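Note: the block below is query20.cif and it holds mmCIF, C-alpha atoms and all ligand atoms.
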data_entry
loop_
_atom_site.label_atom_id
_atom_site.label_comp_id
_atom_site.auth_asym_id
_atom_site.auth_seq_id
_atom_site.Cartn_x
_atom_site.Cartn_y
_atom_site.Cartn_z
CA MET A 1206 157.65 144.97 -88.23
CA ALA A 1207 160.03 144.85 -91.15
CA ALA A 1208 160.37 148.61 -90.99
CA THR A 1209 161.15 148.44 -87.30
CA THR A 1210 163.86 145.82 -87.70
CA VAL A 1211 165.47 147.65 -90.56
CA THR A 1212 165.35 150.84 -88.64
CA THR A 1213 167.20 149.97 -85.49
CA GLU A 1214 170.07 148.28 -87.24
CA ALA A 1215 170.29 150.80 -90.03
CA TRP A 1216 170.35 153.65 -87.59
CA ALA A 1217 173.45 152.49 -85.84
CA ARG A 1218 175.32 152.24 -89.11
CA CYS A 1219 173.84 155.10 -91.03
CA HIS A 1220 176.45 157.50 -92.27
CA CYS A 1221 174.00 159.26 -94.46
CA SER A 1222 173.20 162.91 -95.02
CA ASP A 1223 170.52 163.49 -92.46
CA LEU A 1224 167.18 164.95 -93.37
CA TRP A 1225 164.23 165.49 -91.20
CA GLY A 1226 161.28 163.31 -92.00
CA LEU A 1227 158.90 164.62 -94.57
CA MET A 1228 160.93 167.79 -94.98
CA GLN A 1229 163.09 165.87 -97.44
CA ASN A 1230 161.47 167.06 -100.64
CA VAL A 1231 160.90 170.54 -99.40
CA ALA A 1232 164.50 170.78 -98.29
CA ASP A 1233 165.78 169.95 -101.75
CA TYR A 1234 163.80 172.75 -103.30
CA GLY A 1235 164.47 175.08 -100.42
CA LEU A 1236 168.21 174.76 -100.86
CA GLU A 1237 167.79 175.56 -104.50
CA ASN A 1238 165.78 178.71 -104.20
CA GLY A 1239 166.53 180.12 -100.77
CA GLY A 1240 162.86 180.36 -99.85
CA ILE A 1241 162.12 177.79 -97.23
CA VAL A 1242 165.79 177.27 -96.61
CA GLN A 1243 166.02 180.75 -95.13
CA LEU A 1244 163.46 179.77 -92.62
CA TRP A 1245 164.47 176.21 -92.02
CA ALA A 1246 168.19 176.50 -92.53
CA GLY A 1247 168.87 175.74 -88.87
CA PRO A 1248 169.99 172.34 -87.77
CA ILE A 1249 166.96 170.81 -89.46
CA ILE A 1250 168.15 170.81 -93.01
CA ALA A 1251 171.62 172.23 -92.94
CA TYR A 1252 173.91 169.56 -94.30
CA GLY A 1253 177.40 168.30 -93.55
CA PRO A 1254 179.90 170.82 -92.23
CA THR A 1255 177.42 173.65 -91.53
CA TRP A 1256 175.14 171.45 -89.49
CA ARG A 1257 178.07 169.85 -87.68
CA ILE A 1258 179.66 173.17 -86.68
CA HIS A 1259 176.39 174.77 -85.63
CA ASN A 1260 175.19 171.69 -83.78
CA LYS A 1261 178.45 171.57 -81.82
CA LEU A 1262 178.13 175.24 -80.94
CA LEU A 1263 174.48 175.18 -80.00
CA SER A 1264 174.14 171.83 -78.22
CA PRO A 1265 175.76 173.07 -74.98
CA SER A 1266 173.00 175.70 -74.75
CA PHE A 1267 170.47 172.90 -74.35
CA ASN A 1268 171.38 171.53 -70.98
CA GLN A 1269 169.80 171.14 -67.58
CA GLN A 1270 171.55 174.21 -66.17
CA VAL A 1271 170.11 176.47 -68.88
CA LEU A 1272 166.70 174.83 -68.57
CA ASN A 1273 166.70 175.45 -64.82
CA THR A 1274 167.04 179.17 -65.46
CA PHE A 1275 163.85 179.03 -67.55
CA LEU A 1276 161.80 177.55 -64.70
CA PRO A 1277 160.54 180.81 -63.11
CA GLU A 1278 159.32 182.02 -66.50
CA MET A 1279 157.64 178.66 -67.14
CA ASN A 1280 155.97 178.95 -63.74
CA VAL A 1281 154.62 182.39 -64.67
CA GLN A 1282 153.24 181.10 -67.96
CA ALA A 1283 151.79 177.95 -66.33
CA ARG A 1284 149.96 180.08 -63.75
CA ASN A 1285 148.59 182.26 -66.56
CA MET A 1286 147.31 179.19 -68.35
CA VAL A 1287 145.66 177.82 -65.23
CA SER A 1288 143.95 181.11 -64.44
CA GLN A 1289 142.66 181.32 -68.02
CA MET A 1290 141.36 177.76 -67.80
CA THR A 1291 139.67 178.56 -64.50
CA THR A 1292 137.36 180.98 -66.30
CA VAL A 1293 135.86 178.17 -68.40
CA ALA A 1294 136.09 175.33 -65.89
CA GLY A 1295 132.79 173.73 -64.91
CA LYS A 1296 130.93 175.40 -67.78
CA GLY A 1297 130.63 172.39 -70.06
CA PRO A 1298 132.95 170.87 -72.66
CA VAL A 1299 135.87 173.02 -73.74
CA ASP A 1300 138.68 172.64 -76.25
CA ILE A 1301 141.88 172.98 -74.25
CA LYS A 1302 144.12 173.06 -77.33
CA GLU A 1303 144.05 176.86 -77.59
CA PHE A 1304 145.13 177.26 -73.96
CA ILE A 1305 147.97 174.80 -74.30
CA THR A 1306 149.24 176.16 -77.59
CA GLN A 1307 149.29 179.68 -76.24
CA TYR A 1308 151.08 178.59 -73.07
CA ILE A 1309 153.77 176.73 -74.98
CA LEU A 1310 154.23 179.46 -77.56
CA ARG A 1311 154.59 182.14 -74.93
CA SER A 1312 157.06 180.05 -72.93
CA VAL A 1313 159.11 179.20 -76.00
CA CYS A 1314 159.13 182.74 -77.40
CA ARG A 1315 160.02 184.25 -74.02
CA THR A 1316 162.84 181.81 -73.36
CA SER A 1317 164.29 181.59 -76.86
CA LEU A 1318 163.72 185.11 -78.20
CA GLY A 1319 163.69 186.96 -74.89
CA LEU A 1320 160.44 188.68 -75.86
CA GLU A 1321 158.82 190.54 -72.99
CA SER A 1322 155.17 190.72 -71.96
CA LYS A 1323 154.77 193.95 -73.88
CA ASP A 1324 155.79 192.08 -77.05
CA GLN A 1325 153.05 189.51 -76.49
CA ASP A 1326 151.12 190.55 -79.61
CA ILE A 1327 154.11 189.71 -81.77
CA ILE A 1328 154.04 186.20 -80.35
CA ASP A 1329 150.30 185.64 -80.34
CA ASN A 1330 149.30 187.29 -83.57
CA GLY A 1331 152.30 187.60 -85.77
CA TYR A 1332 155.31 185.41 -85.48
CA ALA A 1333 153.79 182.20 -84.19
CA LYS A 1334 150.84 182.31 -86.56
CA ALA A 1335 153.17 182.90 -89.52
CA LEU A 1336 155.37 179.97 -88.49
CA GLU A 1337 152.35 177.75 -88.01
CA GLU A 1338 151.03 178.59 -91.47
CA ILE A 1339 154.42 177.94 -93.05
CA PHE A 1340 154.58 174.61 -91.23
CA ARG A 1341 151.17 173.67 -92.64
CA ILE A 1342 152.27 174.66 -96.14
CA VAL A 1343 155.52 172.68 -95.79
CA CYS A 1344 153.62 169.56 -94.70
CA TYR A 1345 151.08 169.95 -97.49
CA ARG A 1346 153.85 170.31 -100.06
CA ALA A 1347 155.77 167.32 -98.71
CA LEU A 1348 152.70 165.13 -99.16
CA ASN A 1349 151.55 166.41 -102.56
CA VAL A 1350 153.69 165.45 -105.49
CA ASP A 1351 152.00 167.93 -107.84
CA VAL A 1352 153.66 170.85 -106.02
CA TYR A 1353 157.15 169.35 -105.62
CA LEU A 1354 158.63 171.18 -108.59
CA SER A 1355 159.58 174.71 -107.62
CA CYS A 1356 158.89 176.03 -111.12
CA ILE A 1357 155.25 175.01 -110.62
CA TYR A 1358 154.97 175.53 -106.86
CA TYR A 1359 155.97 179.19 -106.83
CA TRP A 1360 153.28 179.98 -109.40
CA THR A 1361 150.61 178.62 -107.08
CA SER A 1362 148.91 180.82 -104.50
CA MET A 1363 150.39 178.56 -101.80
CA GLY A 1364 153.94 179.06 -103.07
CA ARG A 1365 153.46 182.82 -103.19
CA ARG A 1366 151.95 182.80 -99.72
CA GLU A 1367 154.97 180.92 -98.40
CA LEU A 1368 157.34 183.57 -99.78
CA GLU A 1369 155.18 186.29 -98.26
CA LEU A 1370 155.24 184.59 -94.86
CA VAL A 1371 159.02 184.14 -94.99
CA LYS A 1372 159.30 187.92 -95.51
CA VAL A 1373 156.90 188.57 -92.64
CA VAL A 1374 158.97 186.39 -90.28
CA LYS A 1375 162.23 188.04 -91.34
CA LYS A 1376 160.74 191.48 -90.80
CA MET A 1377 159.65 190.54 -87.29
CA ILE A 1378 162.78 188.76 -86.13
CA ASN A 1379 165.48 191.03 -87.57
CA PRO A 1380 164.61 194.03 -85.33
CA ILE A 1381 164.47 191.74 -82.29
CA ILE A 1382 167.97 190.45 -83.06
CA GLN A 1383 169.29 193.97 -83.68
CA LYS A 1384 167.72 195.32 -80.49
CA ARG A 1385 169.12 192.57 -78.27
CA LYS A 1386 172.48 192.88 -79.97
CA SER A 1387 172.67 196.55 -79.00
CA GLU A 1388 171.63 195.77 -75.41
CA LEU A 1389 173.81 192.74 -74.90
CA LYS A 1390 176.40 192.79 -72.18
CA PRO A 1391 178.72 189.81 -71.80
CA THR A 1392 177.58 187.61 -68.91
CA ASN A 1393 178.27 184.17 -67.71
CA ILE A 1394 175.45 181.62 -67.55
CA ASP A 1395 176.44 180.99 -63.91
CA ASN A 1396 175.16 184.51 -63.13
CA TYR A 1397 171.75 183.34 -64.19
CA ASP A 1398 170.95 180.92 -61.43
CA SER A 1399 167.22 181.55 -61.45
CA SER A 1400 166.78 180.21 -57.93
CA THR A 1401 168.65 183.25 -56.62
CA THR A 1402 168.17 185.90 -59.31
CA GLY A 1403 164.92 184.94 -61.05
CA LYS A 1404 166.69 185.80 -64.33
CA PHE A 1405 167.25 183.70 -67.39
CA LYS A 1406 169.31 184.09 -70.51
CA PRO A 1407 167.28 183.69 -73.71
CA THR A 1408 168.67 181.36 -76.36
CA LEU A 1409 169.03 184.40 -78.63
CA ASP A 1410 171.49 185.97 -76.18
CA LEU A 1411 173.45 182.75 -75.96
CA MET A 1412 173.74 182.75 -79.75
CA LEU A 1413 174.74 186.42 -79.81
CA ASP A 1414 177.46 185.66 -77.27
CA LEU A 1415 178.70 182.87 -79.51
CA SER A 1416 178.71 185.13 -82.50
CA ASN A 1417 180.64 187.79 -80.54
CA GLU A 1418 183.18 185.42 -79.06
CA GLN A 1419 183.77 183.13 -82.00
CA ASN A 1420 182.43 185.14 -84.91
CA VAL A 1421 180.72 182.10 -86.37
CA LEU A 1422 177.01 182.82 -86.52
CA SER A 1423 175.73 185.48 -88.90
CA ASP A 1424 172.45 187.30 -88.22
CA ASP A 1425 170.81 185.14 -90.89
CA ASP A 1426 172.07 181.97 -89.15
CA ILE A 1427 170.76 183.20 -85.82
CA ARG A 1428 167.35 184.03 -87.26
CA ALA A 1429 167.13 180.64 -88.98
CA HIS A 1430 168.05 178.80 -85.76
CA LEU A 1431 165.52 180.77 -83.72
CA ASN A 1432 162.78 179.95 -86.20
CA THR A 1433 163.79 176.32 -86.14
CA PHE A 1434 163.75 176.15 -82.35
CA VAL A 1435 160.34 177.74 -82.07
CA ALA A 1436 158.83 175.66 -84.87
CA ALA A 1437 160.45 172.40 -83.72
CA SER A 1438 159.52 172.86 -80.10
CA TYR A 1439 156.06 174.32 -79.85
CA ASP A 1440 154.10 171.85 -81.97
CA THR A 1441 155.74 168.78 -80.42
CA THR A 1442 155.60 170.03 -76.86
CA SER A 1443 151.98 171.20 -77.07
CA ALA A 1444 150.98 167.83 -78.59
CA VAL A 1445 152.65 166.02 -75.68
CA LEU A 1446 150.99 168.22 -73.09
CA HIS A 1447 147.64 167.84 -74.82
CA ASN A 1448 148.02 164.05 -74.85
CA ALA A 1449 149.09 164.02 -71.21
CA LEU A 1450 145.94 165.90 -70.19
CA MET A 1451 143.78 163.57 -72.31
CA VAL A 1452 145.35 160.60 -70.54
CA LEU A 1453 144.77 162.10 -67.10
CA GLY A 1454 141.14 162.64 -68.03
CA SER A 1455 140.76 159.10 -69.37
CA TYR A 1456 142.49 157.24 -66.51
CA PRO A 1457 141.10 158.52 -63.17
CA ASN A 1458 143.42 156.23 -61.17
CA VAL A 1459 146.47 157.71 -62.92
CA GLN A 1460 145.10 161.21 -62.37
CA GLU A 1461 144.62 160.51 -58.68
CA ARG A 1462 148.14 159.21 -58.24
CA VAL A 1463 149.66 162.18 -60.08
CA TYR A 1464 147.57 164.53 -57.96
CA GLU A 1465 148.71 162.88 -54.73
CA GLU A 1466 152.34 163.08 -55.78
CA LEU A 1467 151.98 166.78 -56.65
CA GLN A 1468 150.34 167.44 -53.28
CA ASP A 1469 153.20 165.65 -51.51
CA VAL A 1470 155.92 167.52 -53.36
CA PHE A 1471 154.40 170.99 -53.55
CA GLN A 1472 152.50 171.12 -50.28
CA ASN A 1473 151.04 174.66 -50.46
CA ASN A 1474 153.63 176.00 -52.86
CA ASP A 1475 152.86 176.45 -56.58
CA GLU A 1476 156.39 177.29 -57.72
CA LEU A 1477 158.24 174.41 -59.42
CA THR A 1478 161.96 174.43 -58.62
CA LYS A 1479 164.82 172.36 -59.98
CA TYR A 1480 164.85 170.40 -56.72
CA ASP A 1481 161.24 169.26 -57.21
CA MET A 1482 161.73 167.65 -60.57
CA SER A 1483 163.59 164.57 -59.36
CA LYS A 1484 160.84 164.01 -56.77
CA LEU A 1485 158.08 163.79 -59.36
CA VAL A 1486 158.81 160.15 -60.09
CA TYR A 1487 155.32 159.01 -61.02
CA LEU A 1488 154.62 162.09 -63.15
CA GLU A 1489 157.83 161.37 -65.04
CA ALA A 1490 156.67 157.80 -65.64
CA VAL A 1491 153.34 159.10 -66.96
CA LEU A 1492 155.07 161.51 -69.35
CA LYS A 1493 157.45 158.81 -70.59
CA GLU A 1494 154.50 156.53 -71.25
CA VAL A 1495 152.61 159.35 -73.02
CA LEU A 1496 155.68 159.84 -75.24
CA ARG A 1497 155.79 156.09 -75.90
CA VAL A 1498 152.14 155.35 -76.65
CA TYR A 1499 151.07 158.68 -78.16
CA VAL A 1500 154.31 159.45 -79.93
CA ALA A 1501 154.54 163.08 -81.07
CA ALA A 1502 156.83 162.38 -84.05
CA PRO A 1503 155.72 158.97 -85.35
CA LEU A 1504 158.19 158.93 -88.26
CA VAL A 1505 161.68 160.18 -88.94
CA ALA A 1506 163.72 159.66 -92.11
CA ARG A 1507 167.25 159.55 -93.39
CA LYS A 1508 168.63 159.73 -96.90
CA ILE A 1509 171.03 156.84 -97.34
CA ASP A 1510 174.32 157.68 -99.04
CA ALA A 1511 175.94 154.22 -99.02
CA ASP A 1512 174.40 150.75 -99.29
CA ILE A 1513 173.52 149.24 -95.93
CA VAL A 1514 173.39 145.47 -95.95
CA LEU A 1515 171.08 143.93 -93.39
CA PRO A 1516 170.43 140.20 -92.90
CA LYS A 1517 167.28 140.21 -95.03
CA TYR A 1518 167.43 143.47 -96.94
CA THR A 1519 169.84 145.88 -98.51
CA LEU A 1520 169.02 149.52 -98.15
CA ARG A 1521 170.21 151.15 -101.34
CA ALA A 1522 172.21 154.37 -101.43
CA GLY A 1523 170.11 157.28 -102.62
CA SER A 1524 166.90 155.96 -101.13
CA ILE A 1525 165.13 157.27 -98.10
CA CYS A 1526 164.81 155.17 -94.99
CA VAL A 1527 161.65 156.05 -93.10
CA VAL A 1528 161.72 154.95 -89.51
CA SER A 1529 158.53 154.12 -87.69
CA ILE A 1530 159.05 155.29 -84.12
CA TYR A 1531 155.40 154.44 -83.60
CA GLY A 1532 156.26 150.83 -84.57
CA LEU A 1533 159.35 150.75 -82.33
CA HIS A 1534 157.25 151.81 -79.35
CA ARG A 1535 155.01 148.78 -79.94
CA HIS A 1536 157.84 146.32 -80.54
CA PRO A 1537 157.19 142.87 -78.96
CA SER A 1538 160.08 143.44 -76.56
CA TRP A 1539 157.74 145.77 -74.64
CA GLY A 1540 155.78 142.64 -73.75
CA PRO A 1541 152.21 141.52 -74.49
CA ASP A 1542 150.86 144.78 -73.07
CA ALA A 1543 152.93 146.90 -75.49
CA LYS A 1544 149.86 148.74 -76.78
CA GLU A 1545 148.49 149.51 -73.35
CA PHE A 1546 149.04 152.72 -71.45
CA LYS A 1547 150.84 151.61 -68.28
CA PRO A 1548 153.05 154.22 -66.59
CA GLU A 1549 153.98 151.68 -63.91
CA ARG A 1550 156.26 149.89 -66.37
CA TRP A 1551 158.73 152.81 -65.98
CA LEU A 1552 158.90 152.36 -62.22
CA ASN A 1553 160.47 148.93 -62.46
CA PRO A 1554 163.46 148.79 -64.84
CA ASP A 1555 163.18 144.97 -64.96
CA THR A 1556 159.95 145.27 -66.95
CA LEU A 1557 161.51 147.48 -69.62
CA PRO A 1558 163.02 146.15 -72.88
CA THR A 1559 166.73 145.46 -72.68
CA ASN A 1560 167.42 147.19 -76.00
CA PRO A 1561 167.23 150.96 -75.32
CA ASN A 1562 166.71 151.69 -79.02
CA VAL A 1563 163.07 150.61 -78.89
CA TYR A 1564 162.28 153.88 -77.12
CA ALA A 1565 163.03 156.94 -79.21
CA PRO A 1566 160.47 159.75 -78.83
CA PHE A 1567 163.27 162.23 -79.55
CA SER A 1568 164.81 159.99 -82.21
CA PHE A 1569 168.40 158.76 -81.94
CA GLY A 1570 171.80 159.17 -83.54
CA LYS A 1571 173.55 162.40 -84.38
CA ARG A 1572 170.45 164.15 -85.65
CA ASN A 1573 168.24 163.46 -82.68
CA CYS A 1574 166.27 166.22 -81.01
CA ILE A 1575 168.55 169.00 -79.76
CA GLY A 1576 165.86 169.84 -77.20
CA MET A 1577 166.13 166.43 -75.54
CA ILE A 1578 167.59 166.65 -72.05
CA THR A 1579 168.49 163.42 -70.33
C1 LIG B 1 158.36 166.66 -76.27
C2 LIG B 1 158.82 167.50 -77.14
C3 LIG B 1 159.65 167.14 -78.35
C4 LIG B 1 159.65 166.00 -79.11
C5 LIG B 1 158.79 164.75 -78.93
C6 LIG B 1 160.66 166.18 -80.14
C7 LIG B 1 160.99 165.24 -81.09
C8 LIG B 1 161.91 165.44 -82.11
C9 LIG B 1 162.21 164.48 -83.12
C10 LIG B 1 161.61 163.07 -83.23
C11 LIG B 1 163.13 165.03 -83.95
C12 LIG B 1 163.67 164.41 -85.24
C13 LIG B 1 165.06 163.87 -85.11
C14 LIG B 1 165.44 163.03 -86.30
O1 LIG B 1 165.22 163.39 -87.46
O2 LIG B 1 166.02 161.99 -86.04
C15 LIG B 1 163.43 166.36 -83.45
C16 LIG B 1 164.33 167.25 -84.01
C17 LIG B 1 164.59 168.49 -83.52
N1 LIG B 1 164.05 169.07 -82.40
FE1 LIG B 1 162.71 168.23 -81.13
N2 LIG B 1 161.24 167.42 -79.98
C18 LIG B 1 160.65 168.04 -78.91
C19 LIG B 1 160.96 169.28 -78.38
C20 LIG B 1 161.92 170.12 -78.87
C21 LIG B 1 162.32 171.36 -78.24
C22 LIG B 1 161.77 171.91 -76.91
C23 LIG B 1 163.25 171.91 -79.04
C24 LIG B 1 163.93 173.22 -78.72
C25 LIG B 1 164.80 173.78 -79.38
C26 LIG B 1 163.46 171.02 -80.19
C27 LIG B 1 164.31 171.24 -81.24
C28 LIG B 1 164.59 170.33 -82.24
C29 LIG B 1 165.53 170.59 -83.35
C30 LIG B 1 166.35 171.85 -83.57
C31 LIG B 1 165.54 169.43 -84.13
C32 LIG B 1 166.40 169.17 -85.37
C33 LIG B 1 167.72 168.55 -84.88
C34 LIG B 1 168.77 168.35 -85.99
O3 LIG B 1 168.40 168.07 -87.12
O4 LIG B 1 169.96 168.46 -85.68
N3 LIG B 1 162.62 169.94 -80.03
N4 LIG B 1 162.68 166.59 -82.32
#
Give the structure from this file in structure tokens form.
Amino acid sequence: MAATTVTTEAWARCHCSDLWGLMQNVADYGLENGGIVQLWAGPIIAYGPTWRIHNKLLSPSFNQQVLNTFLPEMNVQARNMVSQMTTVAGKGPVDIKEFITQYILRSVCRTSLGLESKDQDIIDNGYAKALEEIFRIVCYRALNVDVYLSCIYYWTSMGRRELELVKVVKKMINPIIQKRKSELKPTNIDNYDSSTTGKFKPTLDLMLDLSNEQNVLSDDDIRAHLNTFVAASYDTTSAVLHNALMVLGSYPNVQERVYEELQDVFQNNDELTKYDMSKLVYLEAVLKEVLRVYVAAPLVARKIDADIVLPKYTLRAGSICVVSIYGLHRHPSWGPDAKEFKPERWLNPDTLPTNPNVYAPFSFGKRNCIGMIT
């Protein structure tokens, strides 16, 4: 509880250099030696002016209009996932994680990198696997003090593997950037209304446009941002989808209600359009509750650069404030049923806490999730 109280108040006043959770230690070393920083130098650990400029440039690319253009591609990938699942359905227990991860990775790589079906091997076997392994190494290093020091870490097989993987990722992404650069013709996002054209503009193209028009993003910046987007989006999103399916399997009444709503909205159509989304009211409540109870990012952290005086504590400059989003989502203001999974609470605003800061699956403040669309 103490952590929760500290968190909400501290957040509002924090004027600290932002870091992302457990990446803190890794980031320090990464900045020093250019290894991980090359890969993670996107909004995640870029500091001060660089982060501010890039965030301002990139944020407009993450809006509902752009997302709408991705819908047809997401429909294609969703149908692929369902048909793959159909082959194992009814044949005993099955681990759905593989299906979900592949679906999310393909959707993310298609929409952010603009990779086409013929490039599928790059996604499935190369790029995504390399990113996943780097992510595992980063998390291991963040939690193991014996490998914090770069002078030791890069002598270990893990440190060497990380450098190898960074090279692999660079080698894969650079040609993709160069190829799209040579093909790129200036277009307006309005020309990409997917409901009429079925086209979408990959995030890579949006960044190349920015670099053309304003000359601000180098190829290295673009590659780092792409890696960040893929890494930051696929693990979180697949965890949420996985949890949502677990919930539907565990609560038959919730499953039934979601099913009925989908039947009502889709009738015999299996193509999700932007007009359908606002009609899926109960499904939205279920997803919000999944994000609350089974939070995908249970902790975030900030490095504090000036003392923050709270009624009972002072958070000292130089220390790291770890915020328990998991704790916030179980704060007493959610009521005595805070720990229970109850999507209905989202259908009646009067039953929700009055302080909006007790719900933060995408974090809050300036360094919240760039992928969050309200
Ligand atoms: C349900 C899915 C997702 C969840 C739960 C989630 C959650 C989060 C959280 C908690 C943070 C940490 C913010 C902080 O330190 O305060 C974050 C950061 C970030 N997320 Fe997401 N995220 C999701 C999907 C995505 C997607 C689809 C993208 C696509 C690009 C994305 C890109 C990012 C980036 C770039 C950051 C770093 C932002 C910065 O430091 O400026 N996330 N996300």
In Å and to one decimal, atom CA of Gln1269 of chain A is distant from atom CA of Trp1539 of chain A by 29.0 Å
Atom pair atom CA of Ser1317 of chain A + atom CA of Leu1409 of chain A, distance 5.8 Å
For ligand LIG 1 (chain B), collect every residue having any atom at a distance of at most 8 Å from a ligand atom (counting all atoms listed in the file); output as a ChimeraX atom specification.
/A:1223-1226,1247-1251,1256,1260,1267,1313,1430,1433-1439,1441-1445,1496,1500-1507,1565-1577
ask   = With only C-alpha atoms as the atoms that count, which of A:Tyr1487, A:Tyr1332, A:Phe1471, A:Tyr1480 lies nearest to Asn1273 of chain A?
value =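 Checking each candidate against Asn1273 of chain A, we get A:Tyr1480 as the closest.
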Per residue of segment 1433-1502 of chain A within 10 Å of segment 1275-1284 of chain A, note the shortest atom pair and the distance in Å to one decimal, counting all atoms listed in the file, and order the rows by chain and increasing residue number, as a Markdown table.
| residue | atom | partner | partner_atom | distance |
| --- | --- | --- | --- | --- |
| A:Asp1475 | CA | A:Asn1280 | CA | 8.2 |
| A:Glu1476 | CA | A:Asn1280 | CA | 6.3 |
| A:Leu1477 | CA | A:Asn1280 | CA | 6.7 |
| A:Thr1478 | CA | A:Leu1276 | CA | 6.8 |
| A:Lys1479 | CA | A:Leu1276 | CA | 7.6 |
If you count only C-alpha atoms, the residue of A:Tyr1358, A:Pro1554, A:Arg1385, A:Val1563 closest to Ser1529 of chain A turns out to be A:Val1563
Original post:
In Å, how far is it from atom CA of Gly1319 of chain A to atom CA of Met1412 of chain A?
Top reply: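 Taking atom CA of Gly1319 of chain A as the start and atom CA of Met1412 of chain A as the end point, the length is 11.9 Å.
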Min atom-atom distance to Leu1485 of chain A from the set A:Val1514, A:Leu1552, A:Met1290, A:Ile1525, counting all atoms listed in the file, belongs to A:Leu1552
